[in-house]
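Student: Structure in structure tokens, see below.
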Amino acid sequence: MIILKSPDEIEKIRAANRIVASALASLKEMVCAGLTTGELDRVAEDLIRSAGARPSFKGYRGFPASLCVSLNNEVVHGIPGKRKLKEGDIVSLDLGAELNGFYGDAAITVPVGKVTDEATRLMTATRESLYKGIEQMVEGNRLSDVSHAVQKHAEAAGFSVVTDFVGHGVGTSPHEEPQVPNYGPAGTGPVLKRGMVLAIEPMINAGTSDVEVLGDRWTVVTRDGRLSAHFEHSIAVTANGPDVLSEPVGK
Ligand code: MG
């Protein structure tokens, strides 16, 4: 069942998401060669707690940190630790927060110094594919219109879509129905209704779409070792069109 949210509930989901968005903006500014992934996690947790919220990934199904930090060929769910960022890396930061029983969830991929042209093109195409999906979050469209728009844009740029992991509804739980694939034909699935809140999160690979999970049981990597990027927003379907709840205040 897809839970529809009232305007008041959407504002509560927005409040949680703004904490996430603000923390991600700060983390993006911090990213530089020599910084450890564990330092990013510690700052993420501090920012969320100092805003009065709770880092929702920490302990979720046993995940040991507040921030997922996925480098280069890592797709999602990388565990932060002692590893240092290096010039030329791309780093995906995925963060969740719970505030007064409502959840926020967003992700960005950031370059460390100067990166390859391919890495830049991959990050750009992934972010653009997220916004192509967001554009489809209009009352009366079908869920797979979102999925199809993401896939079409990513593939037109010459990249491939990860199919083993998908987006999701978000609200009073971190993951609610429906699942939101980043691929598929247009025009199928549930009709989008006012009050639906979805986390759309394209995971796009430079090479093939195949992924595998490492022995730590969390880190998802590309099977061919090539780069992967990830962007995510939480978005409400409203009478006025898509409302991106995880954009920073003032944007
Ligand atoms: Mg998510």
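Note on naming: chains are A, B, ... as they come in the structure tokens, residues start from 1 per chain, ligands start from 1 in the order shown.
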Would you return as number ranges by chain the members of region 24-219 of chain A that DSSP assigns to alpha helix (DSSP H) on this structure's backbone?
Tutor: A: 24-30, 37-50, 117-135, 143-156
Student: If you take only C-alpha atoms and all ligand atoms and a cut-off of 6 Å, which residues of chain A touch ligand 1, and what are their nearest atom pairs and distances in Å to one decimal, in chain and number order, as a Markdown table?
Tutor:
| residue | atom | partner | partner_atom_place_in_ligand_line | distance |
| --- | --- | --- | --- | --- |
| A:Asp105 | CA | ligand 1 | 1 (Mg) | 5.5 |
| A:Gly167 | CA | ligand 1 | 1 (Mg) | 5.7 |
| A:Ala199 | CA | ligand 1 | 1 (Mg) | 5.7 |
Student: Could you take the residues named above and write them with all heavy atoms, as a CSV table (one decimal), in the first residue's frame?
Tutor:
chain,number,residue,atom,x,y,z
A,105,ASP,N,16.0,11.6,3.2
A,105,ASP,CA,16.9,10.7,2.5
A,105,ASP,C,17.4,11.4,1.2
A,105,ASP,O,16.6,11.7,0.4
A,105,ASP,CB,16.2,9.3,2.2
A,105,ASP,CG,17.1,8.2,1.8
A,105,ASP,OD1,18.4,8.5,1.7
A,105,ASP,OD2,16.6,7.1,1.6
A,167,GLY,N,14.9,3.0,-5.8
A,167,GLY,CA,14.4,4.0,-4.9
A,167,GLY,C,13.1,3.4,-4.2
A,167,GLY,O,12.7,2.3,-4.4
A,199,ALA,N,11.5,8.6,-2.8
A,199,ALA,CA,13.0,8.9,-2.9
A,199,ALA,C,13.4,8.2,-4.2
A,199,ALA,O,13.4,7.0,-4.4
A,199,ALA,CB,13.7,8.3,-1.7
Student: Which value, in Å to one decimal, gives the distance between CA of Leu143 (chain A) and CA of Ala107 (chain A)?
Tutor: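 About the pair CA of Leu143 (chain A) and CA of Ala107 (chain A): they are 20.8 Å apart.
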Student: Just checking: using only C-alpha atoms, which residue out of A:Leu198, A:Ala33, A:Ala44, A:Ala157 ends up closest to Glu177 (chain A)?
Tutor: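 Closest to Glu177 (chain A), using only C-alpha atoms: A:Leu198.
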Student: Write out as a tab-separated table a residue-level contact list of region 104-167 of chain A versus region 70-92 of chain A with cut-off 10 Å: for each qualifying residue the closest pair of atoms and the distance in Å to one decimal, counting only C-alpha atoms, rows sorted by chain and residue number upward.
Tutor:
residue	atom	partner	partner_atom	distance
A:Ala107	CA	A:Ser92	CA	7.0
A:Ile108	CA	A:Ser92	CA	5.7
A:Thr109	CA	A:Ser92	CA	4.1
A:Val110	CA	A:Val91	CA	5.3
A:Pro111	CA	A:Ile90	CA	4.5
A:Val112	CA	A:Glu87	CA	5.2
A:Gly113	CA	A:Glu87	CA	5.2
A:Lys114	CA	A:Gly88	CA	5.4
A:Val115	CA	A:Gly88	CA	4.2
A:Thr116	CA	A:Gly88	CA	6.9
A:Ala119	CA	A:Ile90	CA	7.2
A:Thr120	CA	A:Ile90	CA	8.9
A:Met123	CA	A:Ile90	CA	8.6
A:Val162	CA	A:Val75	CA	8.6
A:Phe165	CA	A:Val76	CA	9.0
Student: Would you mind exporting the chosen residues as a short mmCIF file (atom, residue, chain, number, x, y, z; two decimals), in the first residue's frame, restricted to all heavy atoms?
Tutor:
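Dumped everything to result-v4.cif:
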data_model
loop_
_atom_site.label_atom_id
_atom_site.label_comp_id
_atom_site.auth_asym_id
_atom_site.auth_seq_id
_atom_site.Cartn_x
_atom_site.Cartn_y
_atom_site.Cartn_z
N ALA A 107 21.18 11.83 -1.52
CA ALA A 107 22.56 11.45 -1.82
C ALA A 107 23.12 12.34 -2.93
O ALA A 107 22.37 12.83 -3.79
CB ALA A 107 22.62 9.98 -2.26
N ILE A 108 24.43 12.52 -2.87
CA ILE A 108 25.15 13.26 -3.92
C ILE A 108 26.45 12.52 -4.23
O ILE A 108 26.94 11.75 -3.40
CB ILE A 108 25.51 14.71 -3.49
CG1 ILE A 108 26.30 14.72 -2.17
CG2 ILE A 108 24.25 15.56 -3.36
CD1 ILE A 108 26.81 16.10 -1.74
N THR A 109 27.00 12.76 -5.43
CA THR A 109 28.34 12.27 -5.74
C THR A 109 29.21 13.48 -6.05
O THR A 109 28.78 14.39 -6.78
CB THR A 109 28.31 11.29 -6.92
OG1 THR A 109 27.44 10.20 -6.60
CG2 THR A 109 29.70 10.75 -7.23
N VAL A 110 30.40 13.48 -5.45
CA VAL A 110 31.25 14.67 -5.43
C VAL A 110 32.64 14.30 -5.95
O VAL A 110 33.16 13.24 -5.60
CB VAL A 110 31.36 15.19 -3.97
CG1 VAL A 110 32.26 16.39 -3.87
CG2 VAL A 110 29.99 15.48 -3.38
N PRO A 111 33.26 15.16 -6.77
CA PRO A 111 34.64 14.90 -7.20
C PRO A 111 35.64 15.29 -6.12
O PRO A 111 35.40 16.24 -5.37
CB PRO A 111 34.80 15.81 -8.43
CG PRO A 111 33.88 16.96 -8.17
CD PRO A 111 32.72 16.41 -7.36
N VAL A 112 36.74 14.56 -6.04
CA VAL A 112 37.84 14.94 -5.14
C VAL A 112 38.90 15.57 -6.03
O VAL A 112 39.59 14.88 -6.79
CB VAL A 112 38.41 13.71 -4.40
CG1 VAL A 112 39.52 14.15 -3.44
CG2 VAL A 112 37.31 12.96 -3.67
N GLY A 113 38.99 16.90 -5.98
CA GLY A 113 39.92 17.61 -6.86
C GLY A 113 39.56 17.42 -8.32
O GLY A 113 38.39 17.37 -8.69
N LYS A 114 40.60 17.28 -9.14
CA LYS A 114 40.37 17.12 -10.58
C LYS A 114 40.13 15.65 -10.90
O LYS A 114 40.91 14.80 -10.49
CB LYS A 114 41.59 17.66 -11.34
CG LYS A 114 41.39 17.67 -12.85
CD LYS A 114 42.41 18.55 -13.54
CE LYS A 114 42.37 18.37 -15.06
NZ LYS A 114 41.01 18.38 -15.64
N VAL A 115 39.04 15.38 -11.62
CA VAL A 115 38.71 13.99 -11.98
C VAL A 115 38.69 13.85 -13.50
O VAL A 115 38.77 14.85 -14.23
CB VAL A 115 37.35 13.57 -11.37
CG1 VAL A 115 37.37 13.70 -9.85
CG2 VAL A 115 36.19 14.38 -11.96
N THR A 116 38.60 12.62 -13.97
CA THR A 116 38.61 12.37 -15.42
C THR A 116 37.35 12.94 -16.07
O THR A 116 36.32 13.14 -15.41
CB THR A 116 38.66 10.86 -15.73
OG1 THR A 116 37.48 10.26 -15.21
CG2 THR A 116 39.89 10.20 -15.13
N ALA A 119 34.48 10.61 -15.50
CA ALA A 119 33.87 10.74 -14.16
C ALA A 119 32.94 11.95 -14.12
O ALA A 119 31.82 11.86 -13.58
CB ALA A 119 34.97 10.87 -13.10
N THR A 120 33.38 13.05 -14.72
CA THR A 120 32.54 14.25 -14.74
C THR A 120 31.26 14.00 -15.53
O THR A 120 30.16 14.36 -15.09
CB THR A 120 33.32 15.43 -15.36
OG1 THR A 120 34.49 15.64 -14.57
CG2 THR A 120 32.50 16.71 -15.38
N MET A 123 28.88 11.75 -13.48
CA MET A 123 28.18 12.46 -12.38
C MET A 123 27.10 13.38 -12.93
O MET A 123 25.98 13.43 -12.41
CB MET A 123 29.19 13.26 -11.55
CG MET A 123 30.09 12.36 -10.70
SD MET A 123 31.15 13.31 -9.57
CE MET A 123 32.27 14.07 -10.74
N VAL A 162 21.88 0.65 -12.80
CA VAL A 162 21.88 -0.47 -11.85
C VAL A 162 20.43 -0.90 -11.60
O VAL A 162 19.57 -0.05 -11.32
CB VAL A 162 22.55 -0.05 -10.52
CG1 VAL A 162 22.39 -1.13 -9.45
CG2 VAL A 162 24.02 0.28 -10.75
N PHE A 165 19.24 -2.46 -7.25
CA PHE A 165 18.83 -1.58 -6.16
C PHE A 165 17.93 -0.49 -6.74
O PHE A 165 18.14 -0.07 -7.88
CB PHE A 165 20.06 -0.97 -5.45
CG PHE A 165 20.90 -2.02 -4.78
CD1 PHE A 165 21.88 -2.70 -5.49
CD2 PHE A 165 20.66 -2.36 -3.46
CE1 PHE A 165 22.63 -3.71 -4.89
CE2 PHE A 165 21.40 -3.36 -2.84
CZ PHE A 165 22.39 -4.03 -3.56
#
Student: Which of region 38-251 of chain A counts as strand (DSSP E or B) under DSSP, as an MDAnalysis selection string please?
Tutor: chainID A and resid 54:55 67:71 74:76 84 90:99 102:111 142 160:161 167:169 176:180 191 197:200 203:205 211:213 220:222 228:230 232:238 241:244
Student: So that each row is one residue of region 133-197 of chain A with an atom at most 9 Å from region 6-9 of chain A, can you give its shortest atom pair and the distance in Å to one decimal, using only C-alpha atoms, rows by chain and rising number, as CSV?
Tutor:
residue,atom,partner,partner_atom,distance
A:Gly171,CA,A:Glu9,CA,8.2
A:Arg194,CA,A:Ser6,CA,8.8
A:Gly195,CA,A:Ser6,CA,6.1
Student: Could those residues be written to a file, using N, CA and C atoms, as an mmCIF file, in the first residue's frame?
Tutor:
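What ended up in out-v2.cif:
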data_model
loop_
_atom_site.group_PDB
_atom_site.id
_atom_site.type_symbol
_atom_site.label_atom_id
_atom_site.label_comp_id
_atom_site.auth_asym_id
_atom_site.auth_seq_id
_atom_site.Cartn_x
_atom_site.Cartn_y
_atom_site.Cartn_z
ATOM 1 N N GLY A 171 8.642 8.376 4.390
ATOM 2 C CA GLY A 171 7.669 9.127 5.187
ATOM 3 C C GLY A 171 7.865 8.873 6.661
ATOM 4 N N ARG A 194 -1.458 12.956 -5.569
ATOM 5 C CA ARG A 194 -1.081 14.000 -4.630
ATOM 6 C C ARG A 194 -0.844 13.378 -3.250
ATOM 7 N N GLY A 195 0.279 13.716 -2.618
ATOM 8 C CA GLY A 195 0.560 13.167 -1.290
ATOM 9 C C GLY A 195 1.515 11.982 -1.305
#
Student: I'd like the contact shell of Asn141 (chain A) - 8 Å cut-off, only C-alpha atoms, skipping same-chain residues fewer than 3 positions apart - returned as a CSV table (one decimal) with N, CA and C atoms, in the first residue's frame.
Tutor:
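Below is the file selection09.csv, written as the result:
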chain,number,residue,atom,x,y,z
A,136,GLN,N,8.8,13.9,-14.0
A,136,GLN,CA,7.6,13.0,-14.2
A,136,GLN,C,6.7,12.8,-13.0
A,137,MET,N,7.1,13.3,-11.9
A,137,MET,CA,6.3,13.1,-10.7
A,137,MET,C,5.2,14.1,-10.6
A,138,VAL,N,4.3,13.8,-11.5
A,138,VAL,CA,3.1,14.7,-11.7
A,138,VAL,C,1.8,13.8,-11.5
A,145,ASP,N,6.7,6.0,-15.4
A,145,ASP,CA,7.1,7.1,-16.2
A,145,ASP,C,8.4,7.8,-15.6
A,187,GLY,N,4.6,4.2,-18.6
A,187,GLY,CA,3.1,4.0,-18.7
A,187,GLY,C,2.6,2.8,-17.9
A,191,VAL,N,-0.8,4.8,-10.5
A,191,VAL,CA,-1.0,6.2,-10.9
A,191,VAL,C,-0.4,7.1,-9.8
A,192,LEU,N,0.3,8.1,-10.1
A,192,LEU,CA,0.9,9.0,-9.1
A,192,LEU,C,-0.2,9.9,-8.6
Student: Write out as an mmCIF file with N, CA and C atoms, in the first residue's frame the residues lying within 6 Å of Ile204 (chain A), counting only C-alpha atoms and excluding same-chain residues fewer than 6 positions away.
Tutor:
data_model
loop_
_atom_site.group_PDB
_atom_site.id
_atom_site.type_symbol
_atom_site.label_atom_id
_atom_site.label_comp_id
_atom_site.auth_asym_id
_atom_site.auth_seq_id
_atom_site.Cartn_x
_atom_site.Cartn_y
_atom_site.Cartn_z
ATOM 1 N N SER A 160 25.029 2.922 -17.980
ATOM 2 C CA SER A 160 24.052 1.864 -17.685
ATOM 3 C C SER A 160 23.464 2.043 -16.293
ATOM 4 N N VAL A 161 22.251 1.531 -16.141
ATOM 5 C CA VAL A 161 21.457 1.710 -14.923
ATOM 6 C C VAL A 161 21.554 0.459 -14.051
ATOM 7 N N VAL A 162 21.883 0.647 -12.800
ATOM 8 C CA VAL A 162 21.878 -0.472 -11.846
ATOM 9 C C VAL A 162 20.430 -0.902 -11.603
ATOM 10 N N SER A 228 30.927 4.310 -10.692
ATOM 11 C CA SER A 228 29.480 4.409 -10.500
ATOM 12 C C SER A 228 29.171 5.711 -9.772
ATOM 13 N N ALA A 229 28.024 6.318 -10.085
ATOM 14 C CA ALA A 229 27.598 7.548 -9.404
ATOM 15 C C ALA A 229 26.168 7.374 -8.894
#
Student: Within 9 Å of Ala53 (chain A), counting only C-alpha atoms, which residues show up once you throw out same-chain ones fewer than 3 positions away? Write them as a count of residues only, please.
Tutor: 11
Student: Between A:Val146, A:Leu27, A:Tyr60, A:Thr238, which is the closest to Leu93 (chain A) once you count only C-alpha atoms?
Tutor: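 Closest to Leu93 (chain A), using only C-alpha atoms: A:Leu27.
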Student: What separation in Å, quoted to one decimal, exists between CA of Thr222 (chain A) and CA of Glu155 (chain A)?
Tutor: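 Distance reported for this atom pair: 16.6 Å.
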Student: For each of A:Asn182, A:Thr126, A:Asn205, A:Ala239, take the minimum atom-to-atom distance to Gly140 (chain A), counting only C-alpha atoms, then give the residue where this is smallest.
Tutor: A:Ala239
Student: Please indicate the distance in Å from CA of Arg127 (chain A) to CA of Met203 (chain A), rounded to one decimal place.
Tutor: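 One can read the CA of Arg127 (chain A) to CA of Met203 (chain A) distance as 9.8 Å.
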Student: Using only C-alpha atoms, which protein or nucleic acid residues come within 10 Å of region 11-15 of chain A? Drop anything in the same chain fewer than 6 positions from it, and give the result as number ranges by chain.
Tutor: A: 5, 21, 53, 97-105, 170-172, 197, 234-236, 243-247
Student: Find the spatial neighbours of Met1 (chain A), counting only C-alpha atoms, within a cut-off of 9 Å - ignore same-chain residues fewer than 2 positions away - and output them as a VMD selection string.
Tutor: chain A and resid 3 176 to 178
Student: Calculated over only C-alpha atoms, which of the candidates A:Glu29, A:Glu232, A:Glu39, A:Glu139 has the smallest distance to Pro190 (chain A)?
Tutor: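 Under the stated criterion, the closest residue is A:Glu139.
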